[in-house]
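Raw target-v5.tsv, TSV, C-alpha atoms:
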chain	number	residue	atom	x	y	z
A	257	MET	CA	109.04	81.83	101.21
A	258	ASP	CA	111.15	81.45	104.35
A	259	ALA	CA	113.24	78.35	105.05
A	260	VAL	CA	110.86	76.88	107.62
A	261	THR	CA	107.80	77.24	105.39
A	262	ARG	CA	109.68	75.78	102.44
A	263	LEU	CA	110.82	72.77	104.44
A	264	GLU	CA	107.36	72.16	105.89
A	265	HIS	CA	105.87	72.11	102.40
A	266	GLU	CA	108.60	69.77	101.12
A	267	CYS	CA	107.84	67.39	103.97
A	268	ALA	CA	104.11	67.65	103.23
A	269	GLN	CA	104.76	66.77	99.59
A	270	ALA	CA	106.65	63.67	100.71
A	271	TRP	CA	103.72	62.60	102.92
A	272	PRO	CA	100.68	62.84	100.62
A	273	ALA	CA	97.26	62.92	102.27
A	274	LEU	CA	94.19	61.38	100.62
A	275	VAL	CA	92.68	64.88	100.45
A	276	ASP	CA	94.92	67.94	100.25
A	277	GLU	CA	93.10	71.23	99.65
A	278	ARG	CA	94.88	74.57	99.50
A	279	LEU	CA	93.74	77.60	101.43
A	280	GLY	CA	96.19	80.16	100.12
A	281	ASP	CA	99.52	78.79	101.30
A	282	TRP	CA	97.88	76.58	103.93
A	283	ARG	CA	97.26	72.88	103.23
A	284	MET	CA	94.11	71.27	104.62
A	285	ARG	CA	94.78	67.54	104.76
A	286	ALA	CA	92.78	64.40	105.55
A	287	ALA	CA	93.68	60.71	105.38
A	288	GLY	CA	91.15	58.75	107.36
A	289	GLY	CA	92.88	59.46	110.65
A	290	PHE	CA	96.21	57.85	109.67
A	291	THR	CA	98.93	60.06	111.25
A	292	GLY	CA	98.69	63.58	112.57
A	293	ARG	CA	100.52	65.20	109.68
A	294	ALA	CA	98.15	63.75	107.07
A	295	ASN	CA	95.08	64.78	109.08
A	296	SER	CA	95.82	68.38	109.98
A	297	THR	CA	95.95	71.80	108.39
A	298	LEU	CA	99.49	72.97	107.76
A	299	THR	CA	99.39	76.64	108.76
A	300	CYS	CA	102.58	77.86	107.07
A	301	GLY	CA	102.38	80.93	104.87
A	302	ASP	CA	99.45	83.20	104.05
A	303	PRO	CA	95.98	81.55	104.00
A	304	GLY	CA	94.61	84.32	101.80
A	305	VAL	CA	91.81	85.16	104.26
A	306	ASP	CA	91.85	86.62	107.74
A	307	PHE	CA	93.04	84.32	110.51
A	308	PRO	CA	89.67	83.61	112.19
A	309	MET	CA	88.14	82.73	108.81
A	310	ALA	CA	91.11	80.49	107.99
A	311	LEU	CA	90.59	78.54	111.21
A	312	ARG	CA	86.85	78.20	110.51
A	313	ARG	CA	87.64	76.94	107.01
A	314	ALA	CA	90.14	74.44	108.42
A	315	ALA	CA	87.62	73.21	110.99
A	316	GLY	CA	84.91	72.88	108.34
A	317	PHE	CA	87.24	70.90	106.08
A	318	ALA	CA	88.03	68.50	108.93
A	319	GLU	CA	84.36	67.99	109.79
A	320	ARG	CA	83.49	67.29	106.14
A	321	ASN	CA	86.22	64.66	106.04
A	322	GLY	CA	85.29	63.00	109.31
A	323	ILE	CA	88.41	63.91	111.28
A	324	GLN	CA	89.10	66.07	114.32
A	325	PRO	CA	89.89	69.68	113.44
A	326	THR	CA	93.64	69.98	113.96
A	327	ALA	CA	96.18	72.66	113.08
A	328	HIS	CA	99.83	71.81	112.43
A	329	VAL	CA	101.56	74.97	113.68
A	330	VAL	CA	105.25	75.88	113.69
A	331	MET	CA	106.31	76.95	117.16
A	332	GLY	CA	107.26	80.60	117.41
A	333	SER	CA	105.32	81.51	114.27
A	334	LYS	CA	102.61	84.17	114.02
A	335	ALA	CA	100.00	81.41	113.85
A	336	ASP	CA	101.38	79.83	117.03
A	337	ALA	CA	101.08	83.14	118.88
A	338	ALA	CA	97.49	83.66	117.71
A	339	MET	CA	95.89	80.22	118.17
A	340	SER	CA	94.85	80.61	121.80
A	341	GLU	CA	93.26	83.99	121.08
A	342	HIS	CA	90.81	82.22	118.77
A	343	GLY	CA	89.74	79.41	121.08
A	344	TRP	CA	92.25	76.69	120.15
A	345	VAL	CA	94.46	74.75	122.58
A	346	VAL	CA	97.51	72.54	122.21
A	347	ASN	CA	96.43	68.92	121.86
A	348	LEU	CA	98.36	67.42	124.76
A	349	ASP	CA	96.65	64.06	124.19
A	350	HIS	CA	97.75	63.68	120.59
A	351	PRO	CA	98.79	60.00	120.11
A	352	GLY	CA	102.10	60.91	118.48
A	353	GLY	CA	102.87	63.66	120.95
A	354	ALA	CA	101.76	67.27	120.93
A	355	GLU	CA	105.19	68.64	120.00
A	356	SER	CA	107.70	67.42	117.41
A	357	LEU	CA	111.15	68.39	116.18
A	358	VAL	CA	111.99	68.74	112.51
A	359	MET	CA	115.62	67.68	112.12
A	360	THR	CA	117.82	68.21	109.08
A	361	GLY	CA	121.30	67.22	108.06
A	362	PRO	CA	123.59	66.04	105.27
A	363	LEU	CA	123.60	62.57	103.79
A	364	THR	CA	126.29	60.16	104.98
A	365	PRO	CA	125.93	57.18	102.61
A	366	GLY	CA	127.19	53.75	103.51
A	367	THR	CA	126.31	50.08	103.37
A	368	TYR	CA	125.06	47.58	105.90
A	369	GLU	CA	125.12	43.83	105.46
A	370	GLY	CA	121.61	42.51	105.03
A	371	ALA	CA	120.02	45.91	104.35
A	372	ARG	CA	118.22	46.46	101.08
A	373	ILE	CA	116.05	49.07	99.41
A	374	ASP	CA	112.88	47.92	97.64
A	375	ASP	CA	110.70	49.98	95.31
A	376	GLN	CA	107.53	48.29	96.59
A	377	PRO	CA	106.56	47.58	100.21
A	378	SER	CA	106.52	43.90	101.13
A	379	PRO	CA	104.03	42.38	103.61
A	380	GLY	CA	106.84	42.21	106.17
A	381	TRP	CA	107.66	45.88	105.64
A	382	TRP	CA	104.00	46.83	106.10
A	383	GLU	CA	103.72	44.77	109.26
A	384	LEU	CA	106.70	46.42	110.95
A	385	ALA	CA	106.39	49.97	109.57
A	386	ALA	CA	102.61	50.31	109.67
A	387	GLY	CA	101.51	47.58	112.07
A	388	THR	CA	99.54	45.56	109.52
A	389	GLU	CA	100.09	43.34	106.50
A	390	GLN	CA	96.75	44.56	105.13
A	391	PRO	CA	97.03	48.35	105.06
A	392	SER	CA	93.99	50.55	104.69
A	393	ALA	CA	93.41	52.73	101.64
A	394	ALA	CA	94.65	55.72	103.63
A	395	GLN	CA	97.83	53.94	104.71
A	396	ARG	CA	98.52	52.83	101.15
A	397	HIS	CA	97.98	56.34	99.84
A	398	VAL	CA	100.15	58.12	102.40
A	399	LEU	CA	102.99	55.61	102.31
A	400	SER	CA	103.01	54.28	98.76
A	401	SER	CA	101.06	56.46	96.32
A	402	MET	CA	103.84	58.85	95.26
A	403	PRO	CA	106.60	57.81	92.84
A	404	GLY	CA	110.21	57.57	93.90
A	405	VAL	CA	109.64	56.10	97.35
A	406	ALA	CA	112.11	53.66	98.93
A	407	TYR	CA	111.16	50.92	101.35
A	408	GLY	CA	114.29	50.03	103.28
A	409	LEU	CA	114.50	46.90	105.36
A	410	VAL	CA	116.77	44.44	107.11
A	411	GLU	CA	115.62	40.84	107.06
A	412	GLN	CA	116.91	38.07	109.31
A	413	ASP	CA	115.74	34.45	109.18
A	414	GLY	CA	112.86	35.45	106.93
A	415	GLU	CA	111.59	38.20	109.25
A	416	VAL	CA	111.80	41.94	108.66
A	417	VAL	CA	113.57	43.25	111.77
A	418	ALA	CA	114.13	46.87	110.67
A	419	ALA	CA	112.23	49.10	108.26
A	420	VAL	CA	112.19	52.69	107.03
A	421	ARG	CA	110.47	54.78	104.35
A	422	GLY	CA	112.35	57.33	102.27
A	423	ALA	CA	110.94	59.77	99.73
A	424	VAL	CA	112.93	62.20	97.59
A	425	VAL	CA	111.44	65.64	96.91
A	426	GLY	CA	113.81	67.73	94.82
A	427	ASP	CA	117.14	67.40	96.61
A	428	LEU	CA	115.55	66.47	99.95
A	429	LEU	CA	115.33	62.95	101.37
A	430	HIS	CA	112.35	62.75	103.72
A	431	ILE	CA	112.64	59.93	106.27
A	432	ALA	CA	109.73	58.30	108.07
A	433	ARG	CA	108.48	55.09	109.72
A	434	LEU	CA	111.85	53.99	111.02
A	435	ALA	CA	111.26	50.90	113.17
A	436	VAL	CA	113.42	48.17	114.68
A	437	ARG	CA	112.02	45.18	116.53
A	438	PRO	CA	112.77	45.35	120.27
A	439	LEU	CA	114.98	42.24	120.33
A	440	HIS	CA	117.17	43.70	117.57
A	441	ARG	CA	117.76	47.19	118.96
A	442	ARG	CA	121.16	48.58	119.97
A	443	GLN	CA	122.87	46.49	117.30
A	444	GLY	CA	123.44	49.26	114.75
A	445	LEU	CA	120.59	48.19	112.46
A	446	ALA	CA	118.87	51.58	112.38
A	447	ALA	CA	122.05	53.52	111.55
A	448	GLY	CA	123.12	50.92	109.01
A	449	LEU	CA	119.74	50.90	107.31
A	450	LEU	CA	119.66	54.70	107.18
A	451	LYS	CA	123.12	54.89	105.62
A	452	THR	CA	121.98	52.40	102.98
A	453	LEU	CA	118.94	54.61	102.36
A	454	TYR	CA	121.22	57.66	102.06
A	455	ALA	CA	123.17	55.93	99.29
A	456	TRP	CA	119.91	55.23	97.42
A	457	ALA	CA	118.78	58.85	97.87
A	458	GLU	CA	122.11	60.31	96.77
A	459	ALA	CA	121.81	58.36	93.53
A	460	LYS	CA	118.38	60.00	93.08
A	461	GLY	CA	119.87	63.50	93.44
A	462	ALA	CA	119.28	64.12	97.15
A	463	THR	CA	121.87	66.13	99.06
A	464	ARG	CA	120.12	66.64	102.44
A	465	GLN	CA	117.68	64.91	104.74
A	466	ALA	CA	114.75	65.87	106.95
A	467	LEU	CA	112.58	64.00	109.40
A	468	GLN	CA	110.00	64.65	112.07
A	469	VAL	CA	110.37	63.12	115.52
A	470	ALA	CA	108.34	63.55	118.70
A	471	GLU	CA	110.15	65.47	121.42
A	472	HIS	CA	109.79	62.57	123.86
A	473	ASN	CA	111.52	60.10	121.51
A	474	ILE	CA	114.98	60.76	122.90
A	475	ALA	CA	116.50	57.56	121.49
A	476	ALA	CA	115.55	58.53	117.94
A	477	ILE	CA	116.78	62.09	118.41
A	478	ARG	CA	120.16	60.83	119.63
A	479	LEU	CA	120.39	58.41	116.69
A	480	TYR	CA	119.84	61.16	114.15
A	481	GLU	CA	122.30	63.42	115.95
A	482	THR	CA	125.00	60.75	115.48
A	483	LEU	CA	124.22	60.90	111.75
A	484	GLY	CA	124.79	64.66	111.58
A	485	CYS	CA	121.24	65.94	112.06
A	486	THR	CA	120.32	68.97	114.14
A	487	GLU	CA	117.04	70.57	115.13
A	488	HIS	CA	115.71	72.92	112.43
A	489	HIS	CA	112.45	73.94	114.12
A	490	ARG	CA	109.51	72.53	116.05
A	491	TYR	CA	105.79	72.29	115.49
A	492	ARG	CA	102.81	71.29	117.56
A	493	TYR	CA	99.16	70.35	117.08
A	494	TRP	CA	96.30	72.62	118.12
A	495	ILE	CA	92.59	71.74	118.35
A	496	PRO	CA	89.47	73.85	119.05
A	497	CYS	CA	88.37	74.02	122.69
Translate this structure into structure tokens?
Amino acid sequence: MDAVTRLEHECAQAWPALVDERLGDWRMRAAGGFTGRANSTLTCGDPGVDFPMALRRAAGFAERNGIQPTAHVVMGSKADAAMSEHGWVVNLDHPGGAESLVMTGPLTPGTYEGARIDDQPSPGWWELAAGTEQPSAAQRHVLSSMPGVAYGLVEQDGEVVAAVRGAVVGDLLHIARLAVRPLHRRQGLAAGLLKTLYAWAEAKGATRQALQVAEHNIAAIRLYETLGCTEHHRYRYWIPC
């Protein structure tokens, strides 16, 4: 298994869909429409059937689970080169952006006054990280069903002003749902919270980090670069015409 495929599967393990069916090395995933990654077929590795059949199987899986057929495809891969030949197009209207970077880097642990790591998500964490204090079954499953998940937050005057989710898979810390309220940005909260999360992850055996970020989210990319992360590869979402 090459490094890109391995990393994509580690990230998928850290982001569990409600339904995750294997098609050879591919993962057909559905989670009630909550996030692109949890509602797409990860096309890394060998699907065990010819490519047109694999795409038909992926589309059929999506239709059975009530979601739009979507393929999560690493840019520059054999699958990426073949998608258009089989009637699929890049989903330029995808809510999270059609193209994303996967960034990786070392852990740089630290502390930040007011930051803490909880082992259960609080209502305030849900509200900031997921946009609701009453998450759906799909949101709960994706964000809180696996063991060993950290819910990092900074609270000021009784309000959660920064939040992040961290999940350790082997020696990898997977980072997601980083959010800071607009009035509290550019104050170092995000970097401080992440360094606090790194310390938690290091104690759990993690030695490296990975995250996915949309290409248009320049502020987030620059933040992670200051923490030692670099681009590992990119992926994009394809849908049938």
From the set A:Gly280, A:Gly366, A:Gly461, A:Gly316, which residue has the shortest atom-to-atom contact distance to A:Asp427, counting only C-alpha atoms?
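So, comparing all the options, the nearest one is A:Gly461.
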Extract, using all atoms listed in the file, all DNA, RNA and protein residues at most 8 Å from A:Ala466, discarding same-chain residues fewer than 4 positions from it, and format them as a PyMOL selection string.
chain A and resi 267+358-361+428-431
Residues from last step as file, C-alpha atoms, as an mmCIF file, keeping the file's coordinate frame:
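Final output, out_21.cif:
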data_model
loop_
_atom_site.group_PDB
_atom_site.id
_atom_site.type_symbol
_atom_site.label_atom_id
_atom_site.label_comp_id
_atom_site.auth_asym_id
_atom_site.auth_seq_id
_atom_site.Cartn_x
_atom_site.Cartn_y
_atom_site.Cartn_z
ATOM 1 C CA CYS A 267 107.840 67.390 103.970
ATOM 2 C CA VAL A 358 111.990 68.740 112.510
ATOM 3 C CA MET A 359 115.620 67.680 112.120
ATOM 4 C CA THR A 360 117.820 68.210 109.080
ATOM 5 C CA GLY A 361 121.300 67.220 108.060
ATOM 6 C CA LEU A 428 115.550 66.470 99.950
ATOM 7 C CA LEU A 429 115.330 62.950 101.370
ATOM 8 C CA HIS A 430 112.350 62.750 103.720
ATOM 9 C CA ILE A 431 112.640 59.930 106.270
#
Using all atoms listed in the file, the best pick from A:Leu453, A:Ala315, A:Ala462, A:Leu357 as closest to A:Cys497 would be A:Ala315
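Between A:Gly426 and the candidates A:Ala470, A:Ala475, A:Val330, A:Ala457, the tightest atom-to-atom separation, counting all atoms listed in the file, involves A:Ala457.
What separates atom CA of A:Val345 from atom CA of A:Ala268 is a distance of 22.8 Å.
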Students should find that atom CA of A:Leu449 and atom CA of A:Gly289 are spaced 28.4 Å
Which residues come within 10 Å of stretch 305-313 of chain A, counting all atoms listed in the file, excluding same-chain residues fewer than 2 positions away, as a CSV table (one decimal) with C-alpha atoms, in the coordinates of the input?
chain,number,residue,atom,x,y,z
A,279,LEU,CA,93.7,77.6,101.4
A,280,GLY,CA,96.2,80.2,100.1
A,282,TRP,CA,97.9,76.6,103.9
A,284,MET,CA,94.1,71.3,104.6
A,297,THR,CA,96.0,71.8,108.4
A,299,THR,CA,99.4,76.6,108.8
A,302,ASP,CA,99.4,83.2,104.0
A,303,PRO,CA,96.0,81.6,104.0
A,315,ALA,CA,87.6,73.2,111.0
A,316,GLY,CA,84.9,72.9,108.3
A,317,PHE,CA,87.2,70.9,106.1
A,318,ALA,CA,88.0,68.5,108.9
A,319,GLU,CA,84.4,68.0,109.8
A,325,PRO,CA,89.9,69.7,113.4
A,326,THR,CA,93.6,70.0,114.0
A,327,ALA,CA,96.2,72.7,113.1
A,335,ALA,CA,100.0,81.4,113.8
A,338,ALA,CA,97.5,83.7,117.7
A,339,MET,CA,95.9,80.2,118.2
A,341,GLU,CA,93.3,84.0,121.1
A,342,HIS,CA,90.8,82.2,118.8
A,343,GLY,CA,89.7,79.4,121.1
A,344,TRP,CA,92.2,76.7,120.2
A,496,PRO,CA,89.5,73.8,119.0
Atom CA of A:Ser378 sits from atom CA of A:Pro362 at a separation of 28.3 Å
Can you find the residues with an atom no farther than 12 Å from (102.2, 72.3, 120.4), counting all atoms listed in the file, and report them as an NGL selection string?
:A and (326-333 or 335-337 or 339-340 or 344-350 or 352-357 or 470-471 or 490-495)
Output as an mmCIF file, in the coordinates of the input: stretch 372-391 of chain A, completed with N, CA, C and O atoms.
data_model
loop_
_atom_site.group_PDB
_atom_site.id
_atom_site.type_symbol
_atom_site.label_atom_id
_atom_site.label_comp_id
_atom_site.auth_asym_id
_atom_site.auth_seq_id
_atom_site.Cartn_x
_atom_site.Cartn_y
_atom_site.Cartn_z
ATOM 1 N N ARG A 372 118.537 46.276 102.499
ATOM 2 C CA ARG A 372 118.220 46.460 101.080
ATOM 3 C C ARG A 372 117.136 47.523 100.938
ATOM 4 O O ARG A 372 116.414 47.842 101.889
ATOM 5 N N ILE A 373 117.047 48.060 99.735
ATOM 6 C CA ILE A 373 116.050 49.070 99.410
ATOM 7 C C ILE A 373 115.146 48.512 98.322
ATOM 8 O O ILE A 373 115.606 48.173 97.230
ATOM 9 N N ASP A 374 113.865 48.402 98.607
ATOM 10 C CA ASP A 374 112.880 47.920 97.640
ATOM 11 C C ASP A 374 112.091 49.105 97.091
ATOM 12 O O ASP A 374 111.953 50.145 97.753
ATOM 13 N N ASP A 375 111.544 48.917 95.877
ATOM 14 C CA ASP A 375 110.700 49.980 95.310
ATOM 15 C C ASP A 375 109.218 49.717 95.538
ATOM 16 O O ASP A 375 108.375 50.518 95.138
ATOM 17 N N GLN A 376 108.890 48.595 96.196
ATOM 18 C CA GLN A 376 107.530 48.290 96.590
ATOM 19 C C GLN A 376 107.551 47.747 98.009
ATOM 20 O O GLN A 376 108.459 46.996 98.378
ATOM 21 N N PRO A 377 106.576 48.090 98.835
ATOM 22 C CA PRO A 377 106.560 47.580 100.210
ATOM 23 C C PRO A 377 106.120 46.114 100.266
ATOM 24 O O PRO A 377 105.100 45.744 99.681
ATOM 25 N N SER A 378 106.865 45.309 100.959
ATOM 26 C CA SER A 378 106.520 43.900 101.130
ATOM 27 C C SER A 378 105.568 43.745 102.305
ATOM 28 O O SER A 378 105.436 44.656 103.144
ATOM 29 N N PRO A 379 104.876 42.597 102.430
ATOM 30 C CA PRO A 379 104.030 42.380 103.610
ATOM 31 C C PRO A 379 104.784 42.546 104.914
ATOM 32 O O PRO A 379 104.262 43.111 105.883
ATOM 33 N N GLY A 380 106.042 42.060 104.958
ATOM 34 C CA GLY A 380 106.840 42.210 106.170
ATOM 35 C C GLY A 380 107.167 43.655 106.479
ATOM 36 O O GLY A 380 107.206 44.054 107.657
ATOM 37 N N TRP A 381 107.399 44.442 105.435
ATOM 38 C CA TRP A 381 107.660 45.880 105.640
ATOM 39 C C TRP A 381 106.406 46.536 106.197
ATOM 40 O O TRP A 381 106.482 47.304 107.167
ATOM 41 N N TRP A 382 105.247 46.248 105.607
ATOM 42 C CA TRP A 382 104.000 46.830 106.100
ATOM 43 C C TRP A 382 103.771 46.482 107.567
ATOM 44 O O TRP A 382 103.392 47.332 108.369
ATOM 45 N N GLU A 383 104.005 45.215 107.896
ATOM 46 C CA GLU A 383 103.720 44.770 109.260
ATOM 47 C C GLU A 383 104.551 45.537 110.285
ATOM 48 O O GLU A 383 104.046 45.963 111.326
ATOM 49 N N LEU A 384 105.850 45.726 109.987
ATOM 50 C CA LEU A 384 106.700 46.420 110.950
ATOM 51 C C LEU A 384 106.513 47.929 110.898
ATOM 52 O O LEU A 384 106.429 48.597 111.936
ATOM 53 N N ALA A 385 106.439 48.507 109.711
ATOM 54 C CA ALA A 385 106.390 49.970 109.570
ATOM 55 C C ALA A 385 105.013 50.551 109.824
ATOM 56 O O ALA A 385 104.895 51.697 110.271
ATOM 57 N N ALA A 386 103.965 49.778 109.522
ATOM 58 C CA ALA A 386 102.610 50.310 109.670
ATOM 59 C C ALA A 386 101.739 49.499 110.614
ATOM 60 O O ALA A 386 100.596 49.871 110.866
ATOM 61 N N GLY A 387 102.256 48.372 111.099
ATOM 62 C CA GLY A 387 101.510 47.580 112.070
ATOM 63 C C GLY A 387 100.487 46.641 111.483
ATOM 64 O O GLY A 387 99.661 46.080 112.217
ATOM 65 N N THR A 388 100.508 46.441 110.168
ATOM 66 C CA THR A 388 99.540 45.560 109.520
ATOM 67 C C THR A 388 100.082 45.076 108.187
ATOM 68 O O THR A 388 100.786 45.813 107.498
ATOM 69 N N GLU A 389 99.748 43.847 107.830
ATOM 70 C CA GLU A 389 100.090 43.340 106.500
ATOM 71 C C GLU A 389 98.983 43.649 105.492
ATOM 72 O O GLU A 389 99.144 43.391 104.304
ATOM 73 N N GLN A 390 97.871 44.189 105.985
ATOM 74 C CA GLN A 390 96.750 44.560 105.130
ATOM 75 C C GLN A 390 96.406 46.028 105.362
ATOM 76 O O GLN A 390 95.431 46.355 106.030
ATOM 77 N N PRO A 391 97.220 46.920 104.806
ATOM 78 C CA PRO A 391 97.030 48.350 105.060
ATOM 79 C C PRO A 391 95.714 48.874 104.494
ATOM 80 O O PRO A 391 95.197 48.380 103.487
#
